[in-house]
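Colleague: Structure supplied as work-v2.cif; contents: mmCIF, C-alpha atoms.
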data_my_file
#
loop_
_atom_site.label_atom_id
_atom_site.label_comp_id
_atom_site.auth_asym_id
_atom_site.auth_seq_id
_atom_site.Cartn_x
_atom_site.Cartn_y
_atom_site.Cartn_z
CA MET A 653 147.52 25.30 48.35
CA PRO A 654 147.19 28.94 47.22
CA GLU A 655 145.94 31.54 49.67
CA PRO A 656 142.17 31.40 50.19
CA VAL A 657 140.06 34.26 48.86
CA PRO A 658 137.53 35.49 51.44
CA TYR A 659 133.98 36.23 50.43
CA LEU A 660 134.17 39.51 52.36
CA ASP A 661 137.08 41.15 54.19
CA LEU A 662 135.95 43.90 56.55
CA ARG A 663 139.43 44.11 58.10
CA ALA A 664 140.85 45.28 54.78
CA GLN A 665 138.35 48.15 54.76
CA LEU A 666 138.84 49.07 58.40
CA LYS A 667 142.64 49.04 58.52
CA PRO A 668 143.40 52.29 56.61
CA LEU A 669 140.54 54.08 58.41
CA ARG A 670 141.26 52.81 61.90
CA ALA A 671 142.96 55.94 63.25
CA GLU A 672 140.23 58.25 61.90
CA ILE A 673 137.45 56.00 63.18
CA ASP A 674 139.12 55.71 66.59
CA ALA A 675 139.33 59.50 66.79
CA ALA A 676 135.68 59.90 65.79
CA ILE A 677 134.58 57.37 68.41
CA ALA A 678 136.74 59.08 71.02
CA ARG A 679 134.97 62.40 70.32
CA THR A 680 131.60 60.71 70.75
CA LEU A 681 132.74 59.16 74.02
CA ASP A 682 134.06 62.51 75.23
CA ASN A 683 130.75 64.17 74.34
CA CYS A 684 128.71 61.30 75.82
CA SER A 685 126.36 61.65 72.83
CA PHE A 686 125.33 58.02 72.61
CA CYS A 687 121.74 58.17 71.27
CA LEU A 688 121.42 60.35 68.18
CA GLY A 689 123.42 63.51 68.94
CA PRO A 690 125.72 65.69 66.82
CA ASP A 691 127.53 62.87 65.03
CA VAL A 692 124.25 61.39 63.82
CA ALA A 693 122.92 64.82 62.85
CA GLN A 694 126.01 65.54 60.75
CA PHE A 695 125.88 62.13 59.11
CA GLU A 696 122.19 62.62 58.29
CA LYS A 697 122.98 65.91 56.58
CA ASP A 698 125.86 64.42 54.61
CA PHE A 699 123.97 61.27 53.62
CA ALA A 700 120.96 63.25 52.39
CA GLN A 701 123.33 65.27 50.21
CA PHE A 702 124.97 62.07 48.95
CA CYS A 703 121.56 60.71 47.92
CA GLY A 704 120.48 63.98 46.33
CA ALA A 705 117.56 64.24 48.76
CA GLN A 706 116.37 66.87 51.22
CA HIS A 707 116.17 64.76 54.36
CA ALA A 708 117.82 61.66 55.86
CA LEU A 709 116.93 60.24 59.27
CA GLY A 710 119.15 57.74 61.05
CA PHE A 711 117.57 54.54 62.35
CA ASN A 712 118.81 51.59 64.35
CA SER A 713 118.37 49.30 61.31
CA GLY A 714 117.15 49.23 57.75
CA THR A 715 114.25 47.07 58.92
CA SER A 716 113.10 49.81 61.31
CA ALA A 717 113.40 52.42 58.57
CA LEU A 718 111.21 50.30 56.26
CA HIS A 719 108.63 49.82 59.02
CA VAL A 720 108.37 53.55 59.68
CA ALA A 721 108.30 54.38 55.96
CA LEU A 722 105.16 52.31 55.55
CA LEU A 723 103.57 53.77 58.68
CA LEU A 724 104.17 57.25 57.26
CA LEU A 725 102.06 56.23 54.26
CA GLY A 726 99.21 55.02 56.45
CA VAL A 727 99.75 51.31 55.82
CA GLY A 728 97.79 49.27 58.36
CA PRO A 729 95.62 46.21 58.93
CA GLY A 730 93.67 45.13 55.86
CA ASP A 731 96.00 46.89 53.47
CA GLU A 732 98.25 45.28 50.86
CA VAL A 733 101.75 46.31 49.85
CA ILE A 734 103.23 44.95 46.63
CA THR A 735 106.82 43.76 46.81
CA THR A 736 109.22 41.09 45.57
CA PRO A 737 109.41 37.48 46.78
CA TYR A 738 113.14 37.44 46.06
CA THR A 739 115.07 39.45 48.62
CA PHE A 740 115.98 39.41 52.31
CA ILE A 741 112.87 38.88 54.42
CA ALA A 742 113.11 42.25 56.25
CA THR A 743 111.32 43.90 53.30
CA SER A 744 108.26 41.76 53.97
CA TRP A 745 108.63 42.00 57.75
CA ALA A 746 108.07 45.76 57.51
CA ILE A 747 104.75 45.16 55.76
CA SER A 748 103.70 42.57 58.31
CA TYR A 749 104.70 44.78 61.26
CA CYS A 750 102.07 47.25 60.03
CA GLY A 751 99.44 44.51 60.06
CA ALA A 752 99.29 44.58 56.27
CA LYS A 753 99.68 41.79 53.73
CA PRO A 754 102.69 41.36 51.43
CA VAL A 755 101.57 40.78 47.85
CA TYR A 756 104.32 39.38 45.68
CA VAL A 757 105.15 39.98 42.04
CA ASP A 758 107.72 37.83 40.22
CA ILE A 759 111.12 39.13 39.19
CA GLU A 760 113.01 39.83 35.98
CA PRO A 761 115.54 37.06 35.28
CA ALA A 762 118.39 39.43 34.37
CA SER A 763 118.23 42.02 37.16
CA PHE A 764 116.51 39.88 39.84
CA ASN A 765 114.28 42.91 40.48
CA LEU A 766 110.48 43.15 40.55
CA ASP A 767 109.10 42.76 37.03
CA PRO A 768 107.09 45.90 36.16
CA ARG A 769 105.24 44.01 33.40
CA GLN A 770 103.52 41.94 36.10
CA LEU A 771 102.95 44.74 38.60
CA GLU A 772 99.63 46.17 37.46
CA ALA A 773 97.85 42.80 37.61
CA ALA A 774 98.66 42.60 41.34
CA ILE A 775 97.02 45.92 42.23
CA THR A 776 93.69 45.69 44.06
CA PRO A 777 91.50 48.23 45.90
CA ARG A 778 93.42 47.26 49.05
CA THR A 779 96.85 48.12 47.62
CA LYS A 780 98.38 50.92 49.69
CA ALA A 781 101.97 51.14 48.38
CA VAL A 782 104.58 49.53 46.15
CA LEU A 783 107.88 48.46 47.72
CA PRO A 784 110.45 47.17 45.19
CA VAL A 785 114.09 46.39 46.05
CA HIS A 786 117.24 47.53 44.25
CA LEU A 787 118.56 43.99 44.61
CA TYR A 788 122.29 43.22 44.76
CA GLY A 789 122.90 46.94 44.15
CA HIS A 790 121.22 47.10 40.72
CA PRO A 791 118.40 49.69 40.42
CA PHE A 792 114.95 48.39 39.65
CA ASP A 793 113.13 49.77 36.58
CA VAL A 794 112.14 53.03 38.24
CA ALA A 795 110.49 54.66 35.21
CA ALA A 796 108.20 51.74 34.49
CA ILE A 797 107.24 51.13 38.12
CA ALA A 798 106.82 54.83 38.93
CA ALA A 799 104.51 55.26 35.92
CA ILE A 800 102.23 52.48 37.17
CA CYS A 801 102.29 53.93 40.69
CA LYS A 802 101.32 57.34 39.33
CA LYS A 803 98.51 55.86 37.24
CA HIS A 804 97.02 54.19 40.33
CA ASN A 805 97.92 56.99 42.78
CA LEU A 806 100.17 54.69 44.83
CA PRO A 807 103.29 55.80 46.72
CA LEU A 808 106.61 54.24 45.71
CA VAL A 809 109.05 53.24 48.46
CA GLU A 810 112.58 52.27 47.46
CA ASP A 811 114.18 49.48 49.42
CA ALA A 812 117.73 50.67 48.77
CA CYS A 813 119.29 48.63 51.57
CA GLN A 814 121.73 47.03 49.11
CA ALA A 815 122.23 49.91 46.71
CA HIS A 816 124.21 52.76 48.32
CA GLY A 817 125.64 54.81 45.45
CA ALA A 818 123.75 53.14 42.59
CA THR A 819 122.29 55.47 39.97
CA TYR A 820 119.32 55.40 37.63
CA GLN A 821 119.31 57.74 34.62
CA GLY A 822 121.90 59.89 36.37
CA LYS A 823 120.03 60.16 39.67
CA THR A 824 121.24 58.53 42.85
CA VAL A 825 119.17 55.72 44.32
CA GLY A 826 117.31 57.04 47.35
CA SER A 827 115.99 60.12 45.55
CA LEU A 828 113.70 58.30 43.11
CA GLY A 829 110.58 57.44 45.13
CA ASP A 830 108.39 59.02 47.78
CA LEU A 831 110.59 57.44 50.45
CA ALA A 832 113.74 55.33 50.45
CA CYS A 833 115.32 53.12 53.08
CA PHE A 834 118.93 52.05 53.57
CA SER A 835 120.66 49.53 55.79
CA PHE A 836 124.09 50.05 57.34
CA TYR A 837 124.54 46.46 58.45
CA PRO A 838 128.33 45.86 58.58
CA ALA A 839 128.44 43.86 55.33
CA LYS A 840 126.67 46.56 53.29
CA ASN A 841 128.51 48.89 50.90
CA LEU A 842 128.31 51.52 53.64
CA GLY A 843 128.41 49.57 56.88
CA ALA A 844 128.36 50.58 60.52
CA CYS A 845 130.29 48.86 63.29
CA GLY A 846 127.02 47.24 64.28
CA GLU A 847 123.46 47.90 63.15
CA GLY A 848 122.11 51.02 61.49
CA GLY A 849 119.75 52.33 58.84
CA ALA A 850 118.30 55.47 57.30
CA LEU A 851 115.05 56.80 55.88
CA VAL A 852 115.44 59.31 53.04
CA THR A 853 112.77 61.63 51.62
CA ASN A 854 112.20 65.01 49.98
CA SER A 855 109.10 65.63 52.11
CA ALA A 856 109.63 67.83 55.16
CA ALA A 857 106.33 66.62 56.64
CA LEU A 858 107.23 62.93 56.30
CA ALA A 859 110.71 63.58 57.69
CA ALA A 860 109.30 65.37 60.73
CA ARG A 861 106.92 62.54 61.53
CA ALA A 862 109.62 59.92 60.96
CA LYS A 863 111.81 61.78 63.43
CA SER A 864 109.03 61.58 66.00
CA LEU A 865 108.16 57.93 65.35
CA ARG A 866 111.75 56.76 65.81
CA GLU A 867 111.84 58.45 69.24
CA HIS A 868 108.76 57.09 71.01
CA GLY A 869 106.30 59.26 69.06
CA SER A 870 107.66 62.36 70.74
CA THR A 871 108.76 65.81 69.61
CA VAL A 872 108.77 67.27 73.13
CA ARG A 873 110.28 65.11 75.86
CA TYR A 874 107.70 63.16 77.87
CA HIS A 875 104.91 64.25 75.50
CA HIS A 876 103.87 61.48 73.10
CA ASP A 877 101.61 62.29 70.17
CA GLU A 878 101.17 58.74 68.87
CA LEU A 879 102.41 55.20 69.30
CA GLY A 880 106.13 55.39 68.64
CA PHE A 881 109.25 53.25 68.71
CA ASN A 882 112.79 53.20 70.04
CA TYR A 883 114.42 53.19 66.60
CA ARG A 884 117.21 55.73 67.19
CA LEU A 885 120.63 55.45 65.55
CA GLU A 886 123.40 55.32 68.14
CA GLY A 887 125.86 58.18 68.28
CA LEU A 888 128.84 55.85 67.94
CA GLN A 889 127.43 54.45 64.70
CA GLY A 890 126.84 57.95 63.40
CA ALA A 891 130.49 58.75 64.07
CA VAL A 892 131.70 55.64 62.24
CA LEU A 893 129.35 56.17 59.29
CA GLY A 894 130.44 59.79 59.00
CA VAL A 895 134.02 58.67 58.45
CA LYS A 896 133.15 55.87 56.06
CA LEU A 897 130.72 57.92 53.95
CA LYS A 898 133.67 59.98 52.68
CA CYS A 899 135.06 56.78 51.12
CA LEU A 900 131.85 55.46 49.60
CA ALA A 901 132.31 56.93 46.11
CA HIS A 902 135.84 55.50 45.94
CA TRP A 903 134.65 52.11 47.19
CA THR A 904 131.82 52.06 44.65
CA ALA A 905 134.27 52.75 41.82
CA ALA A 906 136.44 49.90 43.10
CA ARG A 907 133.46 47.54 43.17
CA ARG A 908 132.73 48.46 39.56
CA ARG A 909 136.35 47.69 38.69
CA VAL A 910 136.03 44.28 40.36
CA ALA A 911 132.79 43.55 38.48
CA GLY A 912 134.40 44.55 35.19
CA ARG A 913 137.38 42.31 35.85
CA TYR A 914 135.12 39.37 36.67
CA ALA A 915 133.33 39.88 33.36
CA GLU A 916 136.65 39.58 31.56
CA LEU A 917 138.01 36.66 33.57
CA LEU A 918 134.82 34.57 33.57
CA ALA A 919 133.95 35.09 29.90
CA GLY A 920 133.62 31.79 28.10
CA THR A 921 132.34 29.84 31.10
CA PRO A 922 128.81 28.40 31.16
CA LEU A 923 127.97 30.84 33.96
CA GLN A 924 125.29 33.45 33.40
CA LEU A 925 127.09 36.62 34.46
CA PRO A 926 125.30 39.67 35.87
CA THR A 927 124.57 42.54 33.53
CA VAL A 928 123.73 46.22 34.02
CA ALA A 929 120.66 47.67 32.31
CA ALA A 930 120.93 50.74 30.09
CA GLY A 931 120.82 53.97 32.07
CA CYS A 932 121.82 52.24 35.30
CA GLU A 933 124.98 52.09 37.35
CA SER A 934 125.01 49.26 39.86
CA ALA A 935 126.50 49.66 43.32
CA TRP A 936 127.62 46.01 43.00
CA HIS A 937 126.73 45.06 46.54
CA LEU A 938 127.06 41.46 45.34
CA TYR A 939 128.49 39.79 42.27
CA THR A 940 125.93 37.06 41.67
CA VAL A 941 126.26 34.52 38.88
CA ARG A 942 123.86 31.76 37.82
CA SER A 943 124.62 28.11 37.14
CA LEU A 944 122.49 25.03 36.56
CA ARG A 945 125.19 23.24 38.58
CA ARG A 946 125.16 25.76 41.42
CA ASP A 947 125.42 23.32 44.33
CA ASP A 948 128.32 21.38 42.81
CA LEU A 949 130.10 24.62 41.93
CA LYS A 950 129.65 25.85 45.48
CA LYS A 951 131.22 22.67 46.87
CA HIS A 952 134.15 23.08 44.45
CA LEU A 953 134.71 26.69 45.53
CA ASP A 954 134.50 25.71 49.20
CA ALA A 955 137.05 22.93 48.70
CA ASN A 956 139.44 25.35 47.01
CA GLY A 957 139.21 28.13 49.59
CA ILE A 958 137.08 30.53 47.56
CA GLY A 959 134.47 32.34 49.66
CA ASN A 960 130.95 32.34 48.28
CA ALA A 961 127.32 32.63 49.38
CA VAL A 962 123.80 31.89 48.17
CA HIS A 963 121.36 34.83 48.16
CA TYR A 964 118.58 33.64 48.51
CA PRO A 965 117.99 29.86 48.71
CA MET A 966 114.25 30.12 49.45
CA PRO A 967 111.93 32.81 48.07
CA LEU A 968 109.79 34.61 50.62
CA HIS A 969 106.47 33.17 49.43
CA LEU A 970 107.72 29.67 50.35
CA GLN A 971 108.99 30.60 53.81
CA LYS A 972 107.24 28.85 56.71
CA ALA A 973 106.54 32.22 58.35
CA TYR A 974 104.45 33.24 55.33
CA ALA A 975 102.59 29.96 54.82
CA PRO A 976 99.34 31.66 55.96
CA LEU A 977 99.48 33.83 52.81
CA GLY A 978 98.61 30.71 50.83
CA TYR A 979 101.27 30.88 48.14
CA GLN A 980 102.51 27.63 46.57
CA ALA A 981 105.60 26.43 44.74
CA GLY A 982 105.25 27.47 41.12
CA ASP A 983 103.51 30.76 41.84
CA PHE A 984 106.64 32.80 41.04
CA PRO A 985 108.71 30.59 38.76
CA VAL A 986 111.41 33.13 37.90
CA ALA A 987 112.21 33.80 41.56
CA GLU A 988 112.12 30.08 42.35
CA LYS A 989 114.49 29.27 39.47
CA ALA A 990 116.88 32.01 40.61
CA SER A 991 116.92 30.61 44.12
CA ARG A 992 118.18 27.28 42.71
CA GLU A 993 120.85 28.79 40.46
CA VAL A 994 122.41 31.87 42.07
CA LEU A 995 125.85 32.02 43.66
CA SER A 996 127.62 35.13 44.88
CA LEU A 997 131.40 35.33 44.41
CA PRO A 998 133.80 37.40 46.53
CA MET A 999 132.98 41.10 46.17
CA PHE A 1000 134.54 43.92 48.14
CA PRO A 1001 136.49 47.03 47.08
CA GLU A 1002 139.88 45.80 48.26
CA LEU A 1003 139.95 42.62 46.15
CA ALA A 1004 143.32 42.39 44.42
CA ASP A 1005 143.68 41.29 40.82
CA ALA A 1006 145.62 38.21 41.92
CA GLN A 1007 142.65 37.21 44.09
CA LEU A 1008 140.24 37.72 41.20
CA GLN A 1009 142.44 35.62 38.95
CA ARG A 1010 142.47 32.89 41.59
CA VAL A 1011 138.66 32.90 41.74
CA ALA A 1012 138.49 32.67 37.93
CA GLU A 1013 141.07 29.88 37.86
CA VAL A 1014 139.03 27.78 40.27
CA VAL A 1015 135.78 28.45 38.39
CA HIS A 1016 137.34 27.54 35.04
CA GLY A 1017 138.81 24.43 36.66
CA PHE A 1018 135.36 23.31 37.75
CA PHE A 1019 133.91 23.50 34.24
CA LYS A 1020 136.92 21.77 32.71
#
Would you mind writing the structure in this file as structure tokens?
Modeller:
Amino acid sequence: MPEPVPYLDLRAQLKPLRAEIDAAIARTLDNCSFCLGPDVAQFEKDFAQFCGAQHALGFNSGTSALHVALLLLGVGPGDEVITTPYTFIATSWAISYCGAKPVYVDIEPASFNLDPRQLEAAITPRTKAVLPVHLYGHPFDVAAIAAICKKHNLPLVEDACQAHGATYQGKTVGSLGDLACFSFYPAKNLGACGEGGALVTNSAALAARAKSLREHGSTVRYHHDELGFNYRLEGLQGAVLGVKLKCLAHWTAARRRVAGRYAELLAGTPLQLPTVAAGCESAWHLYTVRSLRRDDLKKHLDANGIGNAVHYPMPLHLQKAYAPLGYQAGDFPVAEKASREVLSLPMFPELADAQLQRVAEVVHGFFK
């Protein structure tokens, strides 16, 4: 049997960087700068520059960054935040952590992102913010959503946890809203050796308060101005991310090469292949296809050693944890249909052409 093709291969990414990462970690160990510290500070500066923003604050996870972003906007009990039902649940957790209510809007079938044509109907007097996701690395329709936010005087928060390096009309994701949040979970396009996240903004005032909130609500040690959190990014993760950030542009270009090759190799199959909207450049966090025979195709890939994954098999409005919101099956038909049809194929920068051809061979074999 031919060599299996992994869904993700973090070892392939780590191997050429191992010596540089080891040296960076050694410096952190020598400095004993384990919570925040100089490595995190340098990474924050570099990541803000990468995003084209004024400020970036390191957090212990993307979830924590999202939580604090909403707190900065005054989101609290009784408020509503509009978001998508089709993403990882951490986006909604952040709303719930504030005591607010997630209000869902269905998605566009092509991009899987929040549909701006349905956004305005979901706005009520209780709406406090709009929190769309750049899902799978593809930017949401920023112009359309931002225009509605401006009309209703609502802040726009980008959930960019899957979209490091994506661009919209020439601007890098993370610089397009009032606030943006990133995850550095190991499987992300820019991944730590553990957990990590960042909050990005052009507002000095919001950045200063975020810095306090992540460190127990304190700007002076042992003096606490408000209820805060232990959301600090570890120094070791800052050191690792500082090394890997230098490679991110190269990795993003490689992901785009992989996506382009898939488009060539899978042409002519019954699969619905992902597309990129005009004016956008996807970060290609995932390469997600659609098939009416998704479950059978998945079994075929599994049997032939081709890594794959389903993102996401159950929309958020149907999750048991959110049953109290009162949503029912059928409320968001586009998201529900996507959850039954999507399948993510292997996607990482180091994928060789022979591996891509093997994936295509197995897919074509299934439909034959």
Colleague: Which residue, A:Asn805, A:Gly789, A:Asn960, A:Arg873, has the smallest gap to Arg907 in chain A when you use only C-alpha atoms?
Modeller: A:Gly789
Colleague: Please expand the PyMOL selection byres ((chain A and resi 1004) around 12) into the concrete residues it hits in this file, giving the result as a ChimeraX atom specification.
Modeller: /A:657-658,661,664,906-907,909-910,913-914,998-1003,1005-1011
Colleague: With C-alpha atoms kept, could you save the residues just selected as a PDB file, keeping the file's coordinate frame?
Modeller:
ATOM      1  CA  VAL A 657     140.060  34.260  48.860  1.00  0.00           C
ATOM      2  CA  PRO A 658     137.530  35.490  51.440  1.00  0.00           C
ATOM      3  CA  ASP A 661     137.080  41.150  54.190  1.00  0.00           C
ATOM      4  CA  ALA A 664     140.850  45.280  54.780  1.00  0.00           C
ATOM      5  CA  ALA A 906     136.440  49.900  43.100  1.00  0.00           C
ATOM      6  CA  ARG A 907     133.460  47.540  43.170  1.00  0.00           C
ATOM      7  CA  ARG A 909     136.350  47.690  38.690  1.00  0.00           C
ATOM      8  CA  VAL A 910     136.030  44.280  40.360  1.00  0.00           C
ATOM      9  CA  ARG A 913     137.380  42.310  35.850  1.00  0.00           C
ATOM     10  CA  TYR A 914     135.120  39.370  36.670  1.00  0.00           C
ATOM     11  CA  PRO A 998     133.800  37.400  46.530  1.00  0.00           C
ATOM     12  CA  MET A 999     132.980  41.100  46.170  1.00  0.00           C
ATOM     13  CA  PHE A1000     134.540  43.920  48.140  1.00  0.00           C
ATOM     14  CA  PRO A1001     136.490  47.030  47.080  1.00  0.00           C
ATOM     15  CA  GLU A1002     139.880  45.800  48.260  1.00  0.00           C
ATOM     16  CA  LEU A1003     139.950  42.620  46.150  1.00  0.00           C
ATOM     17  CA  ASP A1005     143.680  41.290  40.820  1.00  0.00           C
ATOM     18  CA  ALA A1006     145.620  38.210  41.920  1.00  0.00           C
ATOM     19  CA  GLN A1007     142.650  37.210  44.090  1.00  0.00           C
ATOM     20  CA  LEU A1008     140.240  37.720  41.200  1.00  0.00           C
ATOM     21  CA  GLN A1009     142.440  35.620  38.950  1.00  0.00           C
ATOM     22  CA  ARG A1010     142.470  32.890  41.590  1.00  0.00           C
ATOM     23  CA  VAL A1011     138.660  32.900  41.740  1.00  0.00           C
TER      24      VAL A1011
END
Colleague: Using only C-alpha atoms, find the one residue out of A:Lys951, A:Lys667, A:His868, A:His804 that sits nearest to Ala773 in chain A.
Modeller: A:His804
Colleague: Tell me, in Å to one decimal, how far CA of Glu1013 in chain A is from CA of Thr940 in chain A.
Modeller: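 Answer for the CA of Glu1013 in chain A to CA of Thr940 in chain A separation: 17.2 Å.
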Colleague: Quick one: everything within 12 Å of Val892 in chain A, counting all atoms listed in the file, minus sequence neighbours fewer than 3 positions away in the same chain. Send it as a PyMOL selection string.
Modeller: chain A and resi 666+669-680+691-692+694-695+836+838+842-848+885-889+895-899
Colleague: Filtering to C-alpha atoms, could you give me those residues as a compact mmCIF listing (two decimals), in the frame of the given file?
Modeller:
# COMPACT_ATOMS: atom_id res chain seq x y z
CA LEU A 666 138.84 49.07 58.40
CA LEU A 669 140.54 54.08 58.41
CA ARG A 670 141.26 52.81 61.90
CA ALA A 671 142.96 55.94 63.25
CA GLU A 672 140.23 58.25 61.90
CA ILE A 673 137.45 56.00 63.18
CA ASP A 674 139.12 55.71 66.59
CA ALA A 675 139.33 59.50 66.79
CA ALA A 676 135.68 59.90 65.79
CA ILE A 677 134.58 57.37 68.41
CA ALA A 678 136.74 59.08 71.02
CA ARG A 679 134.97 62.40 70.32
CA THR A 680 131.60 60.71 70.75
CA ASP A 691 127.53 62.87 65.03
CA VAL A 692 124.25 61.39 63.82
CA GLN A 694 126.01 65.54 60.75
CA PHE A 695 125.88 62.13 59.11
CA PHE A 836 124.09 50.05 57.34
CA PRO A 838 128.33 45.86 58.58
CA LEU A 842 128.31 51.52 53.64
CA GLY A 843 128.41 49.57 56.88
CA ALA A 844 128.36 50.58 60.52
CA CYS A 845 130.29 48.86 63.29
CA GLY A 846 127.02 47.24 64.28
CA GLU A 847 123.46 47.90 63.15
CA GLY A 848 122.11 51.02 61.49
CA LEU A 885 120.63 55.45 65.55
CA GLU A 886 123.40 55.32 68.14
CA GLY A 887 125.86 58.18 68.28
CA LEU A 888 128.84 55.85 67.94
CA GLN A 889 127.43 54.45 64.70
CA VAL A 895 134.02 58.67 58.45
CA LYS A 896 133.15 55.87 56.06
CA LEU A 897 130.72 57.92 53.95
CA LYS A 898 133.67 59.98 52.68
CA CYS A 899 135.06 56.78 51.12
Colleague: Set the distance at 8 Å and use all atoms listed in the file: which residues neighbour range 855-858 of chain A once local chain neighbours fewer than 6 positions away are removed? I'd like the list as a list in words.
Modeller: Gln706, His707, Leu724 and Asp830 of chain A
Colleague: Hey, which bits of range 686-768 of chain A sit within 12 Å of range 879-882 of chain A, and for each residue what's the closest pair of atoms and how far apart in Å (one decimal), counting only C-alpha atoms, rows by chain and increasing number, as CSV?
Modeller:
residue,atom,partner,partner_atom,distance
A:Cys687,CA,A:Asn882,CA,10.3
A:Leu688,CA,A:Asn882,CA,11.4
A:Gly710,CA,A:Asn882,CA,11.9
A:Phe711,CA,A:Asn882,CA,9.2
A:Asn712,CA,A:Asn882,CA,8.4
A:Ser713,CA,A:Asn882,CA,11.1
A:Ser716,CA,A:Phe881,CA,9.0
A:Ala717,CA,A:Phe881,CA,11.0
A:His719,CA,A:Phe881,CA,10.3
A:Val720,CA,A:Phe881,CA,9.1
A:Leu723,CA,A:Gly880,CA,10.4
A:Leu724,CA,A:Gly880,CA,11.7
Colleague: Just to confirm, what's the straight-line distance from CA of Leu925 in chain A to CA of His1016 in chain A in Å (one decimal)?
Modeller: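 Answer for the CA of Leu925 in chain A to CA of His1016 in chain A separation: 13.7 Å.
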Colleague: If the PyMOL selection byres ((chain A and resi 962) around 7) is run on the structure shown, which residues does it catch, given as a list in words?
Modeller: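 So the PyMOL selection byres ((chain A and resi 962) around 7), applied here, picks out Ala961, His963, Tyr964, Pro965, Val994, Leu995 and Ser996 of chain A.
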Colleague: Which one of A:Phe764, A:Leu851, A:Arg778, A:Phe1018 sits closest to Asn956 in chain A if you count all atoms listed in the file?
Modeller: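 Answer, going by the shortest atom-to-atom distance: A:Phe1018.
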Colleague: Quick one: residues within 12 Å of Tyr974 in chain A, all atoms listed in the file counted, chain neighbours fewer than 6 positions away excluded, as a ChimeraX atom specification?
Modeller: /A:737,741,744-745,747-748,753-756,966-968,980
Colleague: For the selection you just gave me, I'd like the residues written to a file as a compact mmCIF listing (two decimals), keeping the file's coordinate frame, keeping C-alpha atoms.
Modeller:
# COMPACT_ATOMS: atom_id res chain seq x y z
CA PRO A 737 109.41 37.48 46.78
CA ILE A 741 112.87 38.88 54.42
CA SER A 744 108.26 41.76 53.97
CA TRP A 745 108.63 42.00 57.75
CA ILE A 747 104.75 45.16 55.76
CA SER A 748 103.70 42.57 58.31
CA LYS A 753 99.68 41.79 53.73
CA PRO A 754 102.69 41.36 51.43
CA VAL A 755 101.57 40.78 47.85
CA TYR A 756 104.32 39.38 45.68
CA MET A 966 114.25 30.12 49.45
CA PRO A 967 111.93 32.81 48.07
CA LEU A 968 109.79 34.61 50.62
CA GLN A 980 102.51 27.63 46.57
Colleague: Rank nothing, just name the residue among A:Val1014, A:Cys750, A:Ala799, A:Leu828 nearest to Pro656 in chain A, using all atoms listed in the file.
Modeller: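 Looking at the shortest contact to Pro656 in chain A, the residue is A:Val1014.
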Colleague: In Å, with one decimal, what is the gap from CA of Ala860 in chain A to CA of Ala781 in chain A?
Modeller: 20.2 Å
Colleague: Expand the PyMOL selection byres ((chain A and resi 808) around 6) into the individual residues it matches in the shown file, reporting them as a PyMOL selection string.
Modeller: chain A and resi 782+807+809+829-830
Colleague: Using all atoms listed in the file, which residue out of A:His952, A:Arg884, A:His937, A:Lys840 lies closest to Leu865 in chain A?
Modeller: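 Ranking A:His952, A:Arg884, A:His937, A:Lys840 by distance to Leu865 in chain A, first place goes to A:Arg884.
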Colleague: Let me make sure I understand: among A:Met653, A:Ala812, A:Leu662, A:Ala1012, which one has the smallest atom-to-atom distance to Leu917 in chain A if we use all atoms listed in the file?
Modeller: A:Ala1012
Colleague: Let me know the centre plus edge lengths, in Å and rounded to one decimal, of a box with edges along x, y and z that contains all listed atoms of range 774-779 of chain A and is padded by 8 Å on every side, as AutoDock Vina command-line options.
Modeller:
--center_x 95.1 --center_y 45.4 --center_z 45.2 --size_x 23.2 --size_y 21.6 --size_z 23.7
